[in-house]
Amino acid sequence: MPRLKRYRQIGGYPEYWNFYADNEEETITITLSLEEYETIRLIDLMQKTQEECALEMDISRTTVTAIYNSARQKLADVVINGKNLVISGGNYRLIPNKATNIKKKGNDNMRIAVTYDNGEIFQHFGKTEEFKFYDVQNGEIVNEQVVGTNGQGHGALAGFLSNAEADVLICGGIGRGAQMAMNEAGIRLYGGNSGNADDAVKAFLANSLVQNDSPTCDHHHEHGEEHSCGSHGCKH
């Protein structure tokens, strides 16, 4: 019987997932796995030792070395040879959320998360301070809970929702990076919505909630007329 591959722990999803070379010729794309990304984040950005990285990722030092060397080789190939880079997939799991105030949803339940602000759908995913969770069984809402977030930025919030066992996200504007994080986490996205949160969930359960194909967060304040959260992280 083949040995099961051990999952590598990562701290959260990236803020940015795609990087494109300024190359007029047809360009090869290199894929960096989430655990490779995590070693670069911890060792090169956070300046942690490989021993510290191994502890955070819950794997051996030799495994960290192998993953890190692979990641560095890929990055060198991208930079020197002008290739595109995509962060995707891997054999990982998110570090469990230490916020234990979120109720377990139950094996047969679907959990819907809504960006929440005083009863309304909050319009800027990356600045969400509260989510309202709706647990659904056999088409009926069986539990509701409002929970404060414990992270800033699209990647941290995507990890928060994954740890909260969300199956569906209903929100207003959401950047492309966060959309990719939802896809990576297996969370169905219904972006570009506004109005009352409870009504939106009822519409979803009635199969009448519109799914916006491009729910990017576009604003025209503080950054001039050309700013769009769809092209980079929305930090305002």
# chains A, B, ... in the order shown; residues from 1 in each chain; ligands from 1

call {"tool": "residues_around", "arguments": {"residues": "A:Asp108", "least_positions_apart": "5", "cutoff": "9 Å", "atoms": "only C-alpha atoms", "output": "PyMOL selection string"}}
result
chain A and resi 136-138

call {"tool": "write_last_selection", "arguments": {"atoms": "C-alpha atoms", "output": "PDB file, in the first residue's frame"}}
result
ATOM      1  CA  VAL A 136     -28.632  25.339   5.699  1.00  0.00           C
ATOM      2  CA  GLN A 137     -30.100  21.854   5.897  1.00  0.00           C
ATOM      3  CA  ASN A 138     -32.608  20.520   3.361  1.00  0.00           C
TER       4      ASN A 138
END

call {"tool": "residues_around", "arguments": {"residues": "A:Leu75", "least_positions_apart": "4", "cutoff": "10 Å", "atoms": "only C-alpha atoms", "output": "ChimeraX atom specification"}}
result
/A:30-32,40,69-71,79-81,83-85

call {"tool": "atom_distance", "arguments": {"atom1": "atom CA of A:Met110", "atom2": "atom CA of A:Asp167"}}
result
6.2 Å

call {"tool": "select_by_dssp", "arguments": {"residues": "stretch 15-217 of chain A", "states": "alpha helix (DSSP H)", "output": "number ranges by chain"}}
result
A: 34-39, 50-57, 61-81, 154-163, 176-185, 197-205

call {"tool": "closest_residue", "arguments": {"among": "A:Gln211, A:Asn101, A:Thr128, A:Ser88", "to": "A:Asn183", "atoms": "only C-alpha atoms"}}
result
A:Ser88

call {"tool": "select_by_dssp", "arguments": {"residues": "stretch 20-73 of chain A", "states": "strand (DSSP E)", "output": "ChimeraX atom specification"}}
result
/A:29-32

call {"tool": "residues_around", "arguments": {"residues": "A:Asp135", "least_positions_apart": "6", "cutoff": "6 Å", "atoms": "only C-alpha atoms", "output": "list in words"}}
result
Met110, Arg111, Ile141, Val142 and Asn143 of chain A
